[in-house]
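First the structure, in the form of structure tokens, and then the observations on it.
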Amino acid sequence: MGIEVNGKTYETDEEGYLTNLGEWNEDVAAAIAVEEKIDMTQNHWEVVNFLREYYNEYQIAPAVRVLTKAIGKKLGPEKGSNSYLYELFPYGPAKQACKIAGLPKPTGCV
Amino acid sequence: MSEGVSKRFMFVNRKAPYGSVYALEGLEVVLISAAFDQDVSLAFIDDGVYQLLRGQDTKAAGMKNFSPTYRALEGYDIEKLYVERESLEARGVAEADLLVDVKVLGREEMAALMDEQDVVIGF
Amino acid sequence: MLHIVNKSPHERSTLAACLAHARAGHAVLLIEDAVVAATRGSAATLAALPAGVSLYVLSPDLQARGLAGQLAEGITAVDYRGFVDLVAAQPRVQSWL
């Protein structure tokens, strides 16, 4: 499987996660967001960028509970809640935000 | 989950990383265990202490360096990391060479701690 | 605690690590390749057995390797039923990989 952006095909797994996270760029992210029917706002990008920073530092995608806590710490308590993240990503920050950020599916995603 | 009884789980790591899949698999099991609100601790004995060594660089070996993930454990509320003193000494590794904060225990203390657990899982 | 070891002490340090952490009242069961540690010729590997720790070997694995006649003194051979009894008698099991 794959996703085509600007004439280039990016390989994805059967669930739509980018195979090679090194290939990620904002255009690919925007294209995956379209497939996920997400209208990307600055708040969406904030979470996506946070996830990429987290991954760069720890080499894993965080579990939702861990993401919520870490977002609250970094971006303010009003954003560190399940309801805020699910409002942005209705099918779950793990399923959608990680996918848009080009990360693998989180370990411990239950 | 709040109604469940919390049990003491200890994951015992005694293999070096990269040569087999045990260290990485053990780490993934630990991360998943965090979702179940149990009392989780990690023990590093024998070659398991090499999992926590600073300065791992897997680029040339073409493998994923998962050592930074041990630093994520704190965010998962897994803060009980125990390293056996005899294992460090036998390998010439100092506590300062490790990439996370740990508690160094002598072998007898480690054995006593293992004996207090409800579940001990080795990797 | 029932400790289970399945690696030969001549190939891996698993048995030594197990014995170093076994405590009085615990039991150690040798299975698969670890049964070679239960023979008279290899019994030196068990010198580190702590006081109060009882030692068992799984006889089907001993027999399979032609070692049934060489069981060292002080080690109890058990069959699969005995294996189950050991698990039931101890509050926890720790498998050493």
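Convention: chains lettered A, B, ... in structure tokens order; per-chain residue numbering from 1; ligands numbered from 1 as shown.
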
Those in chain A with strand (DSSP E or B) from DSSP, as a PyMOL selection string
chain A and resi 2-5+8-12+18

Write the residues of the preceding selection, restricted to all heavy atoms, as a PDB file, in the first residue's frame.
ATOM      1  N   GLY A   2       0.236   2.363  -0.314  1.00  0.00           N
ATOM      2  CA  GLY A   2       1.005   3.596  -0.308  1.00  0.00           C
ATOM      3  C   GLY A   2       0.094   4.802  -0.424  1.00  0.00           C
ATOM      4  O   GLY A   2      -1.118   4.692  -0.586  1.00  0.00           O
ATOM      5  N   ILE A   3       0.725   5.965  -0.322  1.00  0.00           N
ATOM      6  CA  ILE A   3      -0.030   7.202  -0.458  1.00  0.00           C
ATOM      7  C   ILE A   3       0.757   8.100  -1.409  1.00  0.00           C
ATOM      8  O   ILE A   3       1.984   8.193  -1.295  1.00  0.00           O
ATOM      9  CB  ILE A   3      -0.264   7.854   0.928  1.00  0.00           C
ATOM     10  CG1 ILE A   3      -1.129   9.107   0.793  1.00  0.00           C
ATOM     11  CG2 ILE A   3       1.044   8.197   1.623  1.00  0.00           C
ATOM     12  CD1 ILE A   3      -1.713   9.543   2.130  1.00  0.00           C
ATOM     13  N   GLU A   4       0.042   8.719  -2.364  1.00  0.00           N
ATOM     14  CA  GLU A   4       0.748   9.514  -3.365  1.00  0.00           C
ATOM     15  C   GLU A   4       0.671  10.998  -3.022  1.00  0.00           C
ATOM     16  O   GLU A   4      -0.402  11.536  -2.758  1.00  0.00           O
ATOM     17  CB  GLU A   4       0.157   9.257  -4.749  1.00  0.00           C
ATOM     18  CG  GLU A   4       1.183   9.579  -5.838  1.00  0.00           C
ATOM     19  CD  GLU A   4       0.630   9.342  -7.233  1.00  0.00           C
ATOM     20  OE1 GLU A   4       0.251   8.179  -7.508  1.00  0.00           O
ATOM     21  OE2 GLU A   4       0.581  10.297  -8.017  1.00  0.00           O
ATOM     22  N   VAL A   5       1.840  11.621  -2.965  1.00  0.00           N
ATOM     23  CA  VAL A   5       1.913  13.056  -2.656  1.00  0.00           C
ATOM     24  C   VAL A   5       2.906  13.707  -3.602  1.00  0.00           C
ATOM     25  O   VAL A   5       4.045  13.240  -3.706  1.00  0.00           O
ATOM     26  CB  VAL A   5       2.376  13.289  -1.194  1.00  0.00           C
ATOM     27  CG1 VAL A   5       2.361  14.769  -0.854  1.00  0.00           C
ATOM     28  CG2 VAL A   5       1.509  12.513  -0.215  1.00  0.00           C
ATOM     29  N   LYS A   8       4.979  11.570  -5.808  1.00  0.00           N
ATOM     30  CA  LYS A   8       5.830  10.531  -5.230  1.00  0.00           C
ATOM     31  C   LYS A   8       4.970   9.591  -4.373  1.00  0.00           C
ATOM     32  O   LYS A   8       4.075  10.041  -3.676  1.00  0.00           O
ATOM     33  CB  LYS A   8       6.933  11.175  -4.372  1.00  0.00           C
ATOM     34  CG  LYS A   8       7.920  10.148  -3.867  1.00  0.00           C
ATOM     35  CD  LYS A   8       9.057  10.740  -3.057  1.00  0.00           C
ATOM     36  CE  LYS A   8       9.766   9.544  -2.444  1.00  0.00           C
ATOM     37  NZ  LYS A   8      10.553   9.683  -1.363  1.00  0.00           N
ATOM     38  N   THR A   9       5.247   8.285  -4.475  1.00  0.00           N
ATOM     39  CA  THR A   9       4.481   7.334  -3.672  1.00  0.00           C
ATOM     40  C   THR A   9       5.241   6.986  -2.403  1.00  0.00           C
ATOM     41  O   THR A   9       6.419   6.627  -2.445  1.00  0.00           O
ATOM     42  CB  THR A   9       4.205   6.053  -4.485  1.00  0.00           C
ATOM     43  OG1 THR A   9       3.546   6.434  -5.696  1.00  0.00           O
ATOM     44  CG2 THR A   9       3.317   5.096  -3.701  1.00  0.00           C
ATOM     45  N   TYR A  10       4.554   7.148  -1.283  1.00  0.00           N
ATOM     46  CA  TYR A  10       5.138   6.809   0.015  1.00  0.00           C
ATOM     47  C   TYR A  10       4.513   5.514   0.499  1.00  0.00           C
ATOM     48  O   TYR A  10       3.289   5.388   0.570  1.00  0.00           O
ATOM     49  CB  TYR A  10       4.875   7.934   1.033  1.00  0.00           C
ATOM     50  CG  TYR A  10       5.553   9.230   0.667  1.00  0.00           C
ATOM     51  CD1 TYR A  10       4.975  10.096  -0.258  1.00  0.00           C
ATOM     52  CD2 TYR A  10       6.773   9.584   1.222  1.00  0.00           C
ATOM     53  CE1 TYR A  10       5.598  11.286  -0.605  1.00  0.00           C
ATOM     54  CE2 TYR A  10       7.408  10.773   0.889  1.00  0.00           C
ATOM     55  CZ  TYR A  10       6.817  11.624  -0.029  1.00  0.00           C
ATOM     56  OH  TYR A  10       7.438  12.786  -0.380  1.00  0.00           O
ATOM     57  N   GLU A  11       5.364   4.560   0.840  1.00  0.00           N
ATOM     58  CA  GLU A  11       4.874   3.251   1.245  1.00  0.00           C
ATOM     59  C   GLU A  11       4.236   3.314   2.639  1.00  0.00           C
ATOM     60  O   GLU A  11       4.765   3.945   3.550  1.00  0.00           O
ATOM     61  CB  GLU A  11       6.054   2.268   1.268  1.00  0.00           C
ATOM     62  CG  GLU A  11       5.637   0.813   1.238  1.00  0.00           C
ATOM     63  CD  GLU A  11       6.826  -0.120   1.438  1.00  0.00           C
ATOM     64  OE1 GLU A  11       7.945   0.240   1.020  1.00  0.00           O
ATOM     65  OE2 GLU A  11       6.613  -1.185   2.049  1.00  0.00           O
ATOM     66  N   THR A  12       3.103   2.625   2.789  1.00  0.00           N
ATOM     67  CA  THR A  12       2.461   2.528   4.111  1.00  0.00           C
ATOM     68  C   THR A  12       2.129   1.061   4.390  1.00  0.00           C
ATOM     69  O   THR A  12       2.130   0.237   3.479  1.00  0.00           O
ATOM     70  CB  THR A  12       1.141   3.330   4.167  1.00  0.00           C
ATOM     71  OG1 THR A  12       0.216   2.738   3.251  1.00  0.00           O
ATOM     72  CG2 THR A  12       1.346   4.786   3.837  1.00  0.00           C
ATOM     73  N   LEU A  18       2.869   5.133   7.866  1.00  0.00           N
ATOM     74  CA  LEU A  18       4.028   5.301   7.002  1.00  0.00           C
ATOM     75  C   LEU A  18       5.091   4.240   7.352  1.00  0.00           C
ATOM     76  O   LEU A  18       5.430   4.052   8.517  1.00  0.00           O
ATOM     77  CB  LEU A  18       4.600   6.707   7.231  1.00  0.00           C
ATOM     78  CG  LEU A  18       5.303   7.417   6.072  1.00  0.00           C
ATOM     79  CD1 LEU A  18       4.370   7.527   4.858  1.00  0.00           C
ATOM     80  CD2 LEU A  18       5.738   8.816   6.518  1.00  0.00           C
TER      81      LEU A  18
END

Interface, chain B side, toward chain A (9 Å; only C-alpha atoms) as a PyMOL selection string
chain B and resi 28-29+31-35+64-72+75-77

Would you write out those residues with N, CA and C atoms, as an mmCIF file, in the first residue's frame?
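Saved to selection.cif:
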data_model
loop_
_atom_site.group_PDB
_atom_site.id
_atom_site.type_symbol
_atom_site.label_atom_id
_atom_site.label_comp_id
_atom_site.auth_asym_id
_atom_site.auth_seq_id
_atom_site.Cartn_x
_atom_site.Cartn_y
_atom_site.Cartn_z
ATOM 1 N N GLU B 28 9.144 -3.962 25.644
ATOM 2 C CA GLU B 28 7.787 -3.754 25.119
ATOM 3 C C GLU B 28 6.740 -4.305 26.079
ATOM 4 N N VAL B 29 7.039 -5.446 26.686
ATOM 5 C CA VAL B 29 6.106 -6.022 27.654
ATOM 6 C C VAL B 29 5.958 -5.077 28.849
ATOM 7 N N LEU B 31 6.310 -1.795 28.835
ATOM 8 C CA LEU B 31 5.515 -0.635 28.425
ATOM 9 C C LEU B 31 4.027 -0.989 28.400
ATOM 10 N N ILE B 32 3.726 -2.178 27.911
ATOM 11 C CA ILE B 32 2.328 -2.599 27.851
ATOM 12 C C ILE B 32 1.788 -2.827 29.261
ATOM 13 N N SER B 33 2.621 -3.355 30.139
ATOM 14 C CA SER B 33 2.167 -3.637 31.502
ATOM 15 C C SER B 33 1.738 -2.353 32.209
ATOM 16 N N ALA B 34 2.303 -1.220 31.776
ATOM 17 C CA ALA B 34 1.983 0.058 32.415
ATOM 18 C C ALA B 34 0.508 0.405 32.254
ATOM 19 N N ALA B 35 -0.134 -0.167 31.251
ATOM 20 C CA ALA B 35 -1.553 0.134 31.019
ATOM 21 C C ALA B 35 -2.456 -0.551 32.033
ATOM 22 N N LYS B 64 17.764 -0.776 15.188
ATOM 23 C CA LYS B 64 17.159 0.332 15.912
ATOM 24 C C LYS B 64 17.742 0.407 17.319
ATOM 25 N N ASN B 65 18.186 1.605 17.698
ATOM 26 C CA ASN B 65 18.692 1.837 19.050
ATOM 27 C C ASN B 65 17.499 2.093 19.967
ATOM 28 N N PHE B 66 17.161 1.118 20.803
ATOM 29 C CA PHE B 66 16.003 1.310 21.684
ATOM 30 C C PHE B 66 16.404 1.760 23.083
ATOM 31 N N SER B 67 17.682 2.076 23.283
ATOM 32 C CA SER B 67 18.083 2.486 24.627
ATOM 33 C C SER B 67 17.412 3.794 25.086
ATOM 34 N N PRO B 68 17.111 4.768 24.182
ATOM 35 C CA PRO B 68 16.427 5.976 24.675
ATOM 36 C C PRO B 68 15.061 5.679 25.296
ATOM 37 N N THR B 69 14.481 4.541 24.925
ATOM 38 C CA THR B 69 13.146 4.227 25.427
ATOM 39 C C THR B 69 13.144 3.967 26.937
ATOM 40 N N TYR B 70 14.280 3.527 27.481
ATOM 41 C CA TYR B 70 14.326 3.330 28.938
ATOM 42 C C TYR B 70 14.082 4.658 29.660
ATOM 43 N N ARG B 71 14.450 5.767 28.991
ATOM 44 C CA ARG B 71 14.234 7.071 29.617
ATOM 45 C C ARG B 71 12.764 7.489 29.582
ATOM 46 N N ALA B 72 11.968 6.802 28.744
ATOM 47 C CA ALA B 72 10.532 7.110 28.683
ATOM 48 C C ALA B 72 9.763 6.426 29.813
ATOM 49 N N GLY B 75 7.821 8.456 32.407
ATOM 50 C CA GLY B 75 6.542 8.998 31.946
ATOM 51 C C GLY B 75 5.422 7.976 31.982
ATOM 52 N N TYR B 76 5.794 6.700 31.999
ATOM 53 C CA TYR B 76 4.822 5.607 32.114
ATOM 54 C C TYR B 76 4.616 5.229 33.589
ATOM 55 N N ASP B 77 5.149 6.049 34.486
ATOM 56 C CA ASP B 77 5.079 5.787 35.936
ATOM 57 C C ASP B 77 5.776 4.496 36.339
#

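Distance annotation: of C:Pro9, C:Gly69, C:Pro50, C:Gly41, the residue with the minimal separation from chain B is C:Pro50; atom set is only C-alpha atoms.
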
Pick out the residues sitting within 12 Å of Lys99 (chain A), and hand them over as a ChimeraX atom specification; count only C-alpha atoms, and ignore anything fewer than 4 positions along from it in its own chain.
/A:12-13,15-21,24,28-36,38,47-48,51-52,61,89,91-95,103-106

Store the residues picked out above in a file with N, CA and C atoms, as a compact mmCIF listing (two decimals), in the first residue's frame.
# COMPACT_ATOMS: atom_id res chain seq x y z
N THR A 12 3.10 2.63 2.79
CA THR A 12 2.46 2.53 4.11
C THR A 12 2.13 1.06 4.39
N ASP A 13 1.86 0.75 5.67
CA ASP A 13 1.43 -0.62 5.99
C ASP A 13 -0.07 -0.75 5.71
N GLU A 15 -2.52 -0.68 7.54
CA GLU A 15 -3.40 0.21 8.30
C GLU A 15 -3.18 1.69 7.94
N GLY A 16 -2.24 1.95 7.02
CA GLY A 16 -2.02 3.32 6.57
C GLY A 16 -0.90 4.06 7.30
N TYR A 17 -0.17 3.35 8.15
CA TYR A 17 0.97 3.98 8.83
C TYR A 17 2.17 4.01 7.89
N LEU A 18 2.87 5.13 7.87
CA LEU A 18 4.03 5.30 7.00
C LEU A 18 5.09 4.24 7.35
N THR A 19 5.60 3.57 6.32
CA THR A 19 6.58 2.50 6.57
C THR A 19 7.92 3.08 7.02
N ASN A 20 8.35 4.13 6.33
CA ASN A 20 9.65 4.73 6.64
C ASN A 20 9.46 6.13 7.20
N LEU A 21 9.61 6.26 8.52
CA LEU A 21 9.29 7.57 9.11
C LEU A 21 10.26 8.65 8.67
N TRP A 24 8.88 11.21 6.11
CA TRP A 24 7.79 12.10 6.51
C TRP A 24 8.10 13.56 6.17
N VAL A 28 3.12 15.09 3.27
CA VAL A 28 2.65 13.71 3.49
C VAL A 28 1.66 13.71 4.64
N ALA A 29 2.00 14.44 5.72
CA ALA A 29 1.12 14.51 6.88
C ALA A 29 -0.25 15.05 6.47
N ALA A 30 -0.23 16.11 5.64
CA ALA A 30 -1.49 16.71 5.21
C ALA A 30 -2.30 15.71 4.38
N ALA A 31 -1.61 14.92 3.56
CA ALA A 31 -2.29 13.94 2.72
C ALA A 31 -2.91 12.82 3.57
N ILE A 32 -2.16 12.36 4.58
CA ILE A 32 -2.71 11.33 5.46
C ILE A 32 -3.92 11.90 6.22
N ALA A 33 -3.81 13.16 6.62
CA ALA A 33 -4.92 13.81 7.34
C ALA A 33 -6.18 13.84 6.47
N VAL A 34 -6.01 14.10 5.19
CA VAL A 34 -7.17 14.12 4.29
C VAL A 34 -7.82 12.74 4.28
N GLU A 35 -7.00 11.68 4.20
CA GLU A 35 -7.54 10.31 4.21
C GLU A 35 -8.27 10.02 5.52
N GLU A 36 -7.78 10.62 6.60
CA GLU A 36 -8.40 10.42 7.92
C GLU A 36 -9.57 11.38 8.14
N ILE A 38 -9.47 14.58 8.56
CA ILE A 38 -9.14 15.55 9.60
C ILE A 38 -8.77 16.86 8.93
N VAL A 47 -0.05 18.98 18.20
CA VAL A 47 -0.01 17.61 18.73
C VAL A 47 0.89 16.73 17.86
N VAL A 48 0.74 16.88 16.55
CA VAL A 48 1.55 16.08 15.62
C VAL A 48 3.04 16.38 15.83
N LEU A 51 4.26 14.83 19.03
CA LEU A 51 4.49 13.40 18.88
C LEU A 51 5.83 13.11 18.21
N ARG A 52 6.15 13.90 17.20
CA ARG A 52 7.42 13.68 16.50
C ARG A 52 8.61 13.97 17.41
N ALA A 61 6.28 5.69 20.10
CA ALA A 61 5.09 6.54 20.15
C ALA A 61 4.46 6.31 21.53
N PHE A 89 -8.81 14.54 17.32
CA PHE A 89 -8.64 13.28 16.59
C PHE A 89 -9.69 12.28 17.06
N TYR A 91 -10.98 9.53 16.18
CA TYR A 91 -10.74 8.09 16.23
C TYR A 91 -9.55 7.74 17.14
N GLY A 92 -9.13 8.71 17.93
CA GLY A 92 -8.09 8.46 18.91
C GLY A 92 -6.76 9.03 18.49
N PRO A 93 -6.10 9.71 19.40
CA PRO A 93 -4.80 10.31 19.09
C PRO A 93 -3.79 9.25 18.64
N ALA A 94 -3.89 8.03 19.20
CA ALA A 94 -2.94 6.99 18.80
C ALA A 94 -3.17 6.62 17.35
N LYS A 95 -4.44 6.36 17.04
CA LYS A 95 -4.74 5.89 15.70
C LYS A 95 -4.51 6.99 14.66
N LEU A 103 4.45 8.16 12.61
CA LEU A 103 5.02 7.24 13.59
C LEU A 103 4.36 5.87 13.50
N PRO A 104 5.04 4.86 14.02
CA PRO A 104 4.40 3.54 14.11
C PRO A 104 3.28 3.58 15.14
N LYS A 105 2.42 2.59 15.10
CA LYS A 105 1.33 2.49 16.07
C LYS A 105 1.95 2.35 17.46
N PRO A 106 1.39 3.07 18.46
CA PRO A 106 2.02 3.07 19.78
C PRO A 106 2.08 1.67 20.40

Give me the residues near Val83 (chain B) as a ChimeraX atom specification, where near means some atom within 8 Å (using only C-alpha atoms) and where sequence neighbours in that chain fewer than 2 positions away do not count.
/B:43-45,49,81,85,87-88,102-105

For the residues in that selection, give me N, CA, C and O atoms as a compact mmCIF listing (two decimals), in the first residue's frame.
# COMPACT_ATOMS: atom_id res chain seq x y z
N ALA B 43 14.34 -5.39 37.11
CA ALA B 43 15.64 -5.76 37.66
C ALA B 43 16.59 -6.01 36.49
O ALA B 43 16.21 -6.59 35.48
N PHE B 44 17.81 -5.50 36.64
CA PHE B 44 18.84 -5.73 35.62
C PHE B 44 19.99 -6.47 36.28
O PHE B 44 20.66 -5.92 37.17
N ILE B 45 20.18 -7.72 35.88
CA ILE B 45 21.27 -8.51 36.44
C ILE B 45 22.06 -9.14 35.30
O ILE B 45 21.61 -9.16 34.16
N VAL B 49 22.57 -5.62 32.52
CA VAL B 49 23.03 -4.26 32.84
C VAL B 49 23.47 -3.52 31.58
O VAL B 49 23.42 -2.29 31.52
N LEU B 81 13.65 0.93 39.07
CA LEU B 81 14.65 0.22 38.29
C LEU B 81 15.79 -0.19 39.22
O LEU B 81 16.41 0.67 39.85
N ARG B 85 24.61 -4.86 41.93
CA ARG B 85 25.98 -4.36 42.08
C ARG B 85 27.02 -5.36 41.57
O ARG B 85 27.93 -5.01 40.83
N SER B 87 26.75 -7.60 39.35
CA SER B 87 26.73 -7.70 37.89
C SER B 87 27.47 -6.52 37.26
O SER B 87 28.19 -6.68 36.27
N LEU B 88 27.29 -5.32 37.83
CA LEU B 88 28.01 -4.14 37.35
C LEU B 88 29.52 -4.36 37.51
O LEU B 88 30.30 -4.15 36.57
N VAL B 102 18.89 4.68 38.54
CA VAL B 102 18.54 3.34 39.04
C VAL B 102 18.89 3.25 40.51
O VAL B 102 19.59 4.11 41.05
N LYS B 103 18.41 2.20 41.13
CA LYS B 103 18.85 1.90 42.49
C LYS B 103 19.75 0.67 42.39
O LYS B 103 19.35 -0.34 41.84
N VAL B 104 20.97 0.80 42.89
CA VAL B 104 21.90 -0.32 42.85
C VAL B 104 21.74 -1.14 44.13
O VAL B 104 21.77 -0.60 45.23
N LEU B 105 21.52 -2.44 43.94
CA LEU B 105 21.32 -3.35 45.07
C LEU B 105 22.35 -4.46 45.04
O LEU B 105 22.75 -4.91 43.97

Using only C-alpha atoms and a distance of at most 8 Å, pull out the residues of chain C that contact chain B, as number ranges by chain.
C: 1, 17, 20-23, 92-97

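All residues in region 3-85 of chain C with a DSSP state of alpha helix (DSSP H), computed from the backbone, read Thr14, Leu15, Ala16, Ala17, Cys18, Leu19, Ala20, His21, Ser59, Pro60, Asp61, Leu62, Gln63, Ala64, Tyr80, Arg81, Gly82, Phe83, Val84 and Asp85 of chain C.
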
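Computed from the coordinates, the CA of Asp61 (chain C) to CA of Met10 (chain B) distance equals 29.1 Å.
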
If you measure from CA of Ile100 (chain A) to CA of Glu87 (chain A), what distance in Å do you get, rounded to one decimal?
15.6 Å

Can you pull out every residue within 10 Å of region 83-88 of chain C, counting only C-alpha atoms, but drop anything in the same chain fewer than 2 positions away, and send it as a PyMOL selection string?
chain C and resi 1-4+27-29+31+56-59+77-81+90-93

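Using only C-alpha atoms, the contacts of Gln56 (chain B) at a cut-off of 12 Å, with sequence neighbours closer than 2 positions omitted, comprise B:Ala16, B:Pro17, B:Tyr18, B:Tyr50, B:Gln51, B:Leu52, B:Leu53, B:Arg54, B:Thr58, B:Lys59, B:Ala60, B:Ala61, B:Met63, B:Lys64, B:Asn65, B:Phe66, B:Ser67, B:Pro68, B:Asp97, B:Leu98, B:Leu99.
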
Please dump the current selection as a PDB file, in the first residue's frame; keep C-alpha atoms.
ATOM      1  CA  ALA B  16      22.572  -7.828  26.572  1.00  0.00           C
ATOM      2  CA  PRO B  17      20.673  -5.910  23.881  1.00  0.00           C
ATOM      3  CA  TYR B  18      20.846  -6.588  20.099  1.00  0.00           C
ATOM      4  CA  TYR B  50      24.327  -3.635  29.309  1.00  0.00           C
ATOM      5  CA  GLN B  51      20.810  -2.651  28.265  1.00  0.00           C
ATOM      6  CA  LEU B  52      21.192   0.552  30.291  1.00  0.00           C
ATOM      7  CA  LEU B  53      24.656   1.528  29.164  1.00  0.00           C
ATOM      8  CA  ARG B  54      25.065   5.080  27.827  1.00  0.00           C
ATOM      9  CA  THR B  58      23.440   1.150  16.373  1.00  0.00           C
ATOM     10  CA  LYS B  59      23.750   3.116  13.131  1.00  0.00           C
ATOM     11  CA  ALA B  60      26.609   1.113  11.658  1.00  0.00           C
ATOM     12  CA  ALA B  61      25.037  -2.163  12.802  1.00  0.00           C
ATOM     13  CA  MET B  63      19.552  -1.855  13.968  1.00  0.00           C
ATOM     14  CA  LYS B  64      17.159   0.332  15.912  1.00  0.00           C
ATOM     15  CA  ASN B  65      18.692   1.837  19.050  1.00  0.00           C
ATOM     16  CA  PHE B  66      16.003   1.310  21.684  1.00  0.00           C
ATOM     17  CA  SER B  67      18.083   2.486  24.627  1.00  0.00           C
ATOM     18  CA  PRO B  68      16.427   5.976  24.675  1.00  0.00           C
ATOM     19  CA  ASP B  97      27.744   4.767  32.968  1.00  0.00           C
ATOM     20  CA  LEU B  98      23.994   4.109  32.966  1.00  0.00           C
ATOM     21  CA  LEU B  99      21.532   6.226  31.015  1.00  0.00           C
TER      22      LEU B  99
END
